[in-house]
>>> print(open('my_file-v7.cif').read())   # mmCIF, C-alpha atoms
data_target
#
loop_
_atom_site.group_PDB
_atom_site.id
_atom_site.type_symbol
_atom_site.label_atom_id
_atom_site.label_comp_id
_atom_site.auth_asym_id
_atom_site.auth_seq_id
_atom_site.Cartn_x
_atom_site.Cartn_y
_atom_site.Cartn_z
ATOM 1 C CA MET A 1 116.012 -37.859 235.746
ATOM 2 C CA LYS A 2 117.909 -41.000 234.803
ATOM 3 C CA ILE A 3 120.247 -40.866 231.809
ATOM 4 C CA TYR A 4 119.793 -44.536 230.968
ATOM 5 C CA THR A 5 116.585 -45.842 229.426
ATOM 6 C CA GLY A 6 117.274 -49.533 228.885
ATOM 7 C CA THR A 7 115.735 -49.332 225.405
ATOM 8 C CA GLY A 8 119.058 -50.149 223.754
ATOM 9 C CA ASP A 9 119.871 -53.175 225.866
ATOM 10 C CA HIS A 10 119.120 -55.539 222.993
ATOM 11 C CA GLY A 11 121.341 -53.822 220.434
ATOM 12 C CA GLU A 12 118.841 -51.395 218.932
ATOM 13 C CA THR A 13 118.482 -47.632 219.024
ATOM 14 C CA SER A 14 115.931 -45.085 217.832
ATOM 15 C CA LEU A 15 116.532 -42.645 215.012
ATOM 16 C CA PHE A 16 115.226 -39.079 215.332
ATOM 17 C CA SER A 17 112.513 -40.029 212.884
ATOM 18 C CA GLY A 18 111.312 -42.787 215.231
ATOM 19 C CA GLN A 19 112.484 -45.956 213.504
ATOM 20 C CA ARG A 20 114.204 -48.617 215.603
ATOM 21 C CA VAL A 21 117.415 -49.857 213.992
ATOM 22 C CA PRO A 22 120.354 -52.029 215.032
ATOM 23 C CA LYS A 23 123.158 -50.078 216.699
ATOM 24 C CA ASN A 24 125.469 -51.207 213.903
ATOM 25 C CA ASP A 25 123.193 -49.794 211.179
ATOM 26 C CA PRO A 26 125.224 -47.794 208.615
ATOM 27 C CA ARG A 27 123.224 -44.663 209.468
ATOM 28 C CA VAL A 28 124.118 -45.027 213.162
ATOM 29 C CA ASP A 29 127.751 -45.641 212.206
ATOM 30 C CA ALA A 30 127.814 -42.399 210.194
ATOM 31 C CA TYR A 31 126.290 -40.119 212.820
ATOM 32 C CA GLY A 32 128.269 -41.876 215.562
ATOM 33 C CA THR A 33 131.465 -41.101 213.673
ATOM 34 C CA LEU A 34 130.398 -37.455 213.378
ATOM 35 C CA ASP A 35 129.784 -37.425 217.133
ATOM 36 C CA GLU A 36 133.358 -38.691 217.561
ATOM 37 C CA MET A 37 134.588 -35.940 215.231
ATOM 38 C CA ASN A 38 132.650 -33.323 217.207
ATOM 39 C CA SER A 39 134.356 -34.526 220.388
ATOM 40 C CA VAL A 40 137.737 -34.030 218.720
ATOM 41 C CA LEU A 41 136.645 -30.491 217.800
ATOM 42 C CA GLY A 42 136.011 -29.986 221.523
ATOM 43 C CA ALA A 43 139.536 -31.207 222.235
ATOM 44 C CA ALA A 44 140.862 -28.748 219.642
ATOM 45 C CA VAL A 45 138.995 -25.921 221.387
ATOM 46 C CA ALA A 46 140.450 -27.072 224.728
ATOM 47 C CA ALA A 47 143.938 -26.884 223.177
ATOM 48 C CA ALA A 48 143.555 -23.067 223.145
ATOM 49 C CA PRO A 49 143.761 -22.212 219.436
ATOM 50 C CA ALA A 50 143.874 -18.636 218.174
ATOM 51 C CA PRO A 51 140.576 -16.828 218.919
ATOM 52 C CA GLU A 52 139.600 -16.803 215.219
ATOM 53 C CA ILE A 53 139.976 -20.588 215.069
ATOM 54 C CA ARG A 54 138.311 -21.158 218.434
ATOM 55 C CA ASP A 55 135.246 -19.206 217.316
ATOM 56 C CA ALA A 56 135.091 -21.137 214.023
ATOM 57 C CA LEU A 57 135.375 -24.487 215.827
ATOM 58 C CA VAL A 58 132.692 -23.688 218.406
ATOM 59 C CA ALA A 59 130.311 -22.508 215.666
ATOM 60 C CA LEU A 60 131.089 -25.646 213.689
ATOM 61 C CA GLN A 61 130.249 -27.877 216.657
ATOM 62 C CA PHE A 62 126.652 -26.596 216.539
ATOM 63 C CA VAL A 63 126.395 -27.232 212.793
ATOM 64 C CA VAL A 64 127.829 -30.728 213.196
ATOM 65 C CA PHE A 65 125.043 -31.462 215.690
ATOM 66 C CA ASP A 66 122.549 -30.474 212.976
ATOM 67 C CA LEU A 67 124.416 -32.680 210.521
ATOM 68 C CA CYS A 68 124.229 -35.611 212.964
ATOM 69 C CA ALA A 69 120.495 -34.989 213.304
ATOM 70 C CA ASP A 70 120.144 -35.107 209.516
ATOM 71 C CA LEU A 71 121.981 -38.422 209.379
ATOM 72 C CA ALA A 72 119.804 -39.754 212.228
ATOM 73 C CA THR A 73 116.584 -38.873 210.392
ATOM 74 C CA VAL A 74 114.873 -40.778 207.609
ATOM 75 C CA LEU A 75 113.141 -37.943 205.792
ATOM 76 C CA LYS A 76 109.506 -38.316 204.781
ATOM 77 C CA PRO A 77 108.477 -37.050 201.348
ATOM 78 C CA GLY A 78 108.475 -33.254 201.398
ATOM 79 C CA GLU A 79 110.636 -32.981 204.535
ATOM 80 C CA LEU A 80 113.812 -30.947 204.227
ATOM 81 C CA PRO A 81 117.136 -31.609 205.946
ATOM 82 C CA ARG A 82 118.485 -29.203 208.569
ATOM 83 C CA ILE A 83 121.635 -28.609 206.497
ATOM 84 C CA THR A 84 120.588 -26.514 203.511
ATOM 85 C CA ALA A 85 122.184 -25.021 200.428
ATOM 86 C CA ALA A 86 122.588 -21.795 202.418
ATOM 87 C CA GLU A 87 124.702 -23.621 205.019
ATOM 88 C CA ILE A 88 126.847 -25.095 202.228
ATOM 89 C CA ALA A 89 127.295 -21.625 200.685
ATOM 90 C CA ARG A 90 128.294 -20.198 204.092
ATOM 91 C CA LEU A 91 130.899 -22.935 204.550
ATOM 92 C CA GLU A 92 132.252 -22.425 201.042
ATOM 93 C CA GLY A 93 132.513 -18.672 201.722
ATOM 94 C CA GLU A 94 134.513 -19.345 204.870
ATOM 95 C CA MET A 95 136.748 -21.713 202.917
ATOM 96 C CA ASP A 96 137.347 -19.074 200.232
ATOM 97 C CA SER A 97 138.274 -16.550 202.930
ATOM 98 C CA LEU A 98 140.674 -18.978 204.611
ATOM 99 C CA THR A 99 142.275 -19.860 201.275
ATOM 100 C CA GLU A 100 143.155 -16.186 200.793
ATOM 101 C CA LYS A 101 144.745 -15.986 204.264
ATOM 102 C CA VAL A 102 147.015 -19.033 204.255
ATOM 103 C CA PRO A 103 150.239 -19.081 202.235
ATOM 104 C CA PRO A 104 150.313 -21.066 199.005
ATOM 105 C CA LEU A 105 151.300 -24.694 199.389
ATOM 106 C CA ARG A 106 154.876 -25.663 198.566
ATOM 107 C CA ALA A 107 154.474 -29.307 199.537
ATOM 108 C CA PHE A 108 151.926 -31.674 201.002
ATOM 109 C CA VAL A 109 151.199 -30.814 204.633
ATOM 110 C CA LEU A 110 151.618 -33.487 207.288
ATOM 111 C CA PRO A 111 149.167 -33.459 210.200
ATOM 112 C CA GLY A 112 150.682 -31.607 213.124
ATOM 113 C CA GLY A 113 151.927 -28.221 214.138
ATOM 114 C CA SER A 114 150.221 -26.773 217.188
ATOM 115 C CA SER A 115 148.238 -29.044 219.495
ATOM 116 C CA ALA A 116 144.989 -27.487 218.265
ATOM 117 C CA ALA A 117 145.967 -27.908 214.599
ATOM 118 C CA ALA A 118 146.858 -31.555 215.209
ATOM 119 C CA GLN A 119 143.405 -32.119 216.773
ATOM 120 C CA ILE A 120 141.756 -30.382 213.805
ATOM 121 C CA HIS A 121 143.637 -32.724 211.460
ATOM 122 C CA ILE A 122 142.321 -35.700 213.440
ATOM 123 C CA ALA A 123 138.794 -34.283 213.096
ATOM 124 C CA ARG A 124 139.414 -33.946 209.342
ATOM 125 C CA THR A 125 140.291 -37.610 208.936
ATOM 126 C CA ILE A 126 137.337 -38.707 211.060
ATOM 127 C CA THR A 127 135.110 -36.561 208.839
ATOM 128 C CA ARG A 128 136.341 -38.441 205.782
ATOM 129 C CA ARG A 129 135.420 -41.727 207.483
ATOM 130 C CA ALA A 130 131.954 -40.366 208.325
ATOM 131 C CA GLU A 131 131.473 -39.442 204.675
ATOM 132 C CA ARG A 132 132.375 -42.971 203.550
ATOM 133 C CA GLU A 133 129.966 -44.397 206.129
ATOM 134 C CA ALA A 134 127.168 -42.021 205.064
ATOM 135 C CA LEU A 135 127.600 -43.184 201.478
ATOM 136 C CA ALA A 136 126.873 -46.744 202.665
ATOM 137 C CA VAL A 137 123.461 -45.843 204.151
ATOM 138 C CA PRO A 138 120.757 -47.831 202.329
ATOM 139 C CA GLY A 139 118.475 -45.365 200.570
ATOM 140 C CA GLY A 140 121.115 -42.668 200.945
ATOM 141 C CA ILE A 141 121.274 -39.379 202.796
ATOM 142 C CA ALA A 142 119.736 -36.131 201.532
ATOM 143 C CA ARG A 143 121.918 -34.274 199.021
ATOM 144 C CA GLU A 144 122.673 -31.146 201.090
ATOM 145 C CA PRO A 145 124.032 -32.968 204.159
ATOM 146 C CA MET A 146 126.207 -35.111 201.871
ATOM 147 C CA VAL A 147 127.592 -32.059 200.036
ATOM 148 C CA PHE A 148 128.245 -30.329 203.363
ATOM 149 C CA LEU A 149 129.992 -33.436 204.691
ATOM 150 C CA ASN A 150 132.171 -33.532 201.578
ATOM 151 C CA ARG A 151 133.188 -29.871 202.057
ATOM 152 C CA LEU A 152 133.727 -30.268 205.792
ATOM 153 C CA SER A 153 137.011 -32.168 205.597
ATOM 154 C CA ASP A 154 138.474 -29.500 203.283
ATOM 155 C CA TYR A 155 137.289 -26.787 205.665
ATOM 156 C CA LEU A 156 138.996 -28.516 208.585
ATOM 157 C CA TYR A 157 142.192 -28.808 206.545
ATOM 158 C CA LEU A 158 142.136 -25.048 205.983
ATOM 159 C CA LEU A 159 141.370 -24.358 209.658
ATOM 160 C CA ALA A 160 144.364 -26.482 210.704
ATOM 161 C CA ARG A 161 146.632 -24.605 208.298
ATOM 162 C CA ARG A 162 145.314 -21.249 209.526
ATOM 163 C CA GLU A 163 145.758 -22.287 213.165
ATOM 164 C CA ASN A 164 149.394 -23.168 212.511
ATOM 165 C CA GLN A 165 149.873 -19.839 210.765
ATOM 166 C CA LEU A 166 148.295 -17.833 213.608
ATOM 167 C CA SER A 167 150.122 -19.754 216.337
ATOM 168 C CA GLY A 168 153.464 -19.450 214.570
ATOM 169 C CA SER A 169 153.840 -23.224 214.572
ATOM 170 C CA PRO A 170 155.993 -24.708 211.863
ATOM 171 C CA VAL A 171 153.955 -26.522 209.246
ATOM 172 C CA PRO A 172 155.173 -30.082 208.854
ATOM 173 C CA GLU A 173 155.684 -30.782 205.163
ATOM 174 C CA TRP A 174 155.922 -34.128 203.440
ATOM 175 C CA HIS A 175 158.881 -34.795 201.214
ATOM 176 C CA PRO A 176 159.175 -38.139 199.445
ATOM 177 C CA THR A 177 161.498 -40.480 201.303
ATOM 178 C CA CYS A 178 163.278 -41.315 198.082
ATOM 179 C CA LEU A 179 164.437 -37.661 197.842
ATOM 180 C CA ARG A 180 165.688 -37.334 201.405
ATOM 181 C CA ALA A 181 169.256 -37.989 202.401
ATOM 182 C CA PRO A 182 169.736 -41.328 204.184
ATOM 183 C CA VAL A 183 169.656 -41.079 207.956
#
>>> encode(input="my_file-v7.cif", output="C-alpha cells")
Amino acid sequence: MKIYTGTGDHGETSLFSGQRVPKNDPRVDAYGTLDEMNSVLGAAVAAAPAPEIRDALVALQFVVFDLCADLATVLKPGELPRITAAEIARLEGEMDSLTEKVPPLRAFVLPGGSSAAAQIHIARTITRRAEREALAVPGGIAREPMVFLNRLSDYLYLLARRENQLSGSPVPEWHPTCLRAPV
C-alpha cells in the first residue's frame, strides 16, 4: 500500500468529516500543532522519565489523538465530540493529584530540569499555541475539546514539575534580573 495519495498536491486536505479545505485552514493549523505537540510527548517518553510520568505521557498521547480527531471534524447537529466532560473530569482529577505531590511554588519555574521535563515544557508551550489556533477556527470547536485543550497546558506544567521532582533534577527558578547581583 502506498502512503502517498496525491490528493493534497494542490494545497488541500480532507477533514475527518469529509470536507476538503486548504492546508492552511485554521482548523488544520490547530490539529497540526497538536500533532507536533504529540511528537514532543514522544520525545519526552524517549528521554526516559520516571515510570509514573512515562505512563501518564503515553496515555496522554492516545487522548491527544482523539483531540486531534475532534479538531479535524466539523460536527453535524447532534454529533458529539470524542473528548467529553468525563475526559475533562479525569484530567482535572490527575491535576489535583499532581498538585498534592509537588512542593509549593516559591518562584516562577523556568522550563528545564531533566531532559524529559524540558520536553514536557516544550509540549506545554506548543499546546498553548494549538489553543490559540483552535480559537481562530471559523464556527468554533465543540466546547469539551476546547476546555480539555485549555486544561492540557496546565497538566503538562504539573507533569514537568513532577518529573523534575522524581528525577531529582533541580528546578530552574526565575528571579527578576533587577534583583540579581550584576555578573
>>> resolve_selection(input="my_file-v7.cif", expression="the PyMOL selection byres ((chain A and resi 154) around 12)", output="number ranges by chain")
A: 91-92, 94-96, 98-99, 120-121, 123-125, 127-128, 147-153, 155-161
>>> axis_aligned_box(input="my_file-v7.cif", around="range 150-157 of chain A", padding_each_side="3 Å", output="AutoDock Vina command-line options")
--center_x 137.2 --center_y -30.2 --center_z 205.1 --size_x 16.0 --size_y 12.7 --size_z 13.0
>>> resolve_selection(input="my_file-v7.cif", expression="the PyMOL selection byres ((chain A and resi 27-37) around 10)", output="ChimeraX atom specification")
/A:13-15,21-26,38-43,61,64-65,67-74,119-120,122-138,140-141,149
>>> atom_distance(input="my_file-v7.cif", atom1="CA of Glu144 in chain A", atom2="CA of Asp55 in chain A")
23.7 Å
>>> closest_residue(input="my_file-v7.cif", among="A:Pro145, A:Gln19, A:Leu166, A:Ile3", to="Asp66 in chain A", atoms="only C-alpha atoms")
A:Pro145
>>> build_atoms(input="my_file-v7.cif", residues="range 72-91 of chain A", atoms="N, CA and C atoms", output="JSON list (two decimals), keeping the file's coordinate frame")
[["chain", "number", "residue", "atom", "x", "y", "z"],
["A", 72, "ALA", "N", 120.62, -38.92, 211.34],
["A", 72, "ALA", "CA", 119.80, -39.75, 212.23],
["A", 72, "ALA", "C", 118.32, -39.69, 211.89],
["A", 73, "THR", "N", 117.99, -39.05, 210.77],
["A", 73, "THR", "CA", 116.58, -38.87, 210.39],
["A", 73, "THR", "C", 116.34, -39.44, 209.01],
["A", 74, "VAL", "N", 115.35, -40.32, 208.91],
["A", 74, "VAL", "CA", 114.87, -40.78, 207.61],
["A", 74, "VAL", "C", 113.78, -39.78, 207.22],
["A", 75, "LEU", "N", 114.08, -38.99, 206.19],
["A", 75, "LEU", "CA", 113.14, -37.94, 205.79],
["A", 75, "LEU", "C", 111.90, -38.54, 205.12],
["A", 76, "LYS", "N", 110.75, -37.97, 205.45],
["A", 76, "LYS", "CA", 109.51, -38.32, 204.78],
["A", 76, "LYS", "C", 109.41, -37.45, 203.53],
["A", 77, "PRO", "N", 108.64, -37.87, 202.55],
["A", 77, "PRO", "CA", 108.48, -37.05, 201.35],
["A", 77, "PRO", "C", 108.06, -35.62, 201.71],
["A", 78, "GLY", "N", 108.76, -34.66, 201.14],
["A", 78, "GLY", "CA", 108.48, -33.25, 201.40],
["A", 78, "GLY", "C", 109.24, -32.66, 202.56],
["A", 79, "GLU", "N", 109.84, -33.49, 203.42],
["A", 79, "GLU", "CA", 110.64, -32.98, 204.54],
["A", 79, "GLU", "C", 111.99, -32.53, 204.02],
["A", 80, "LEU", "N", 112.50, -31.48, 204.62],
["A", 80, "LEU", "CA", 113.81, -30.95, 204.23],
["A", 80, "LEU", "C", 114.84, -31.21, 205.32],
["A", 81, "PRO", "N", 116.09, -31.42, 204.93],
["A", 81, "PRO", "CA", 117.14, -31.61, 205.95],
["A", 81, "PRO", "C", 117.44, -30.29, 206.66],
["A", 82, "ARG", "N", 118.09, -30.39, 207.81],
["A", 82, "ARG", "CA", 118.48, -29.20, 208.57],
["A", 82, "ARG", "C", 119.62, -28.46, 207.87],
["A", 83, "ILE", "N", 120.53, -29.21, 207.26],
["A", 83, "ILE", "CA", 121.64, -28.61, 206.50],
["A", 83, "ILE", "C", 121.09, -28.27, 205.11],
["A", 84, "THR", "N", 121.17, -26.99, 204.76],
["A", 84, "THR", "CA", 120.59, -26.51, 203.51],
["A", 84, "THR", "C", 121.68, -25.99, 202.58],
["A", 85, "ALA", "N", 121.25, -25.61, 201.39],
["A", 85, "ALA", "CA", 122.18, -25.02, 200.43],
["A", 85, "ALA", "C", 122.80, -23.74, 201.00],
["A", 86, "ALA", "N", 122.05, -23.02, 201.81],
["A", 86, "ALA", "CA", 122.59, -21.80, 202.42],
["A", 86, "ALA", "C", 123.74, -22.12, 203.37],
["A", 87, "GLU", "N", 123.62, -23.22, 204.10],
["A", 87, "GLU", "CA", 124.70, -23.62, 205.02],
["A", 87, "GLU", "C", 125.94, -24.04, 204.22],
["A", 88, "ILE", "N", 125.73, -24.71, 203.10],
["A", 88, "ILE", "CA", 126.85, -25.10, 202.23],
["A", 88, "ILE", "C", 127.53, -23.85, 201.68],
["A", 89, "ALA", "N", 126.74, -22.87, 201.23],
["A", 89, "ALA", "CA", 127.30, -21.62, 200.68],
["A", 89, "ALA", "C", 128.08, -20.88, 201.76],
["A", 90, "ARG", "N", 127.58, -20.87, 202.99],
["A", 90, "ARG", "CA", 128.29, -20.20, 204.09],
["A", 90, "ARG", "C", 129.64, -20.86, 204.32],
["A", 91, "LEU", "N", 129.65, -22.20, 204.34],
["A", 91, "LEU", "CA", 130.90, -22.94, 204.55],
["A", 91, "LEU", "C", 131.88, -22.67, 203.41]]
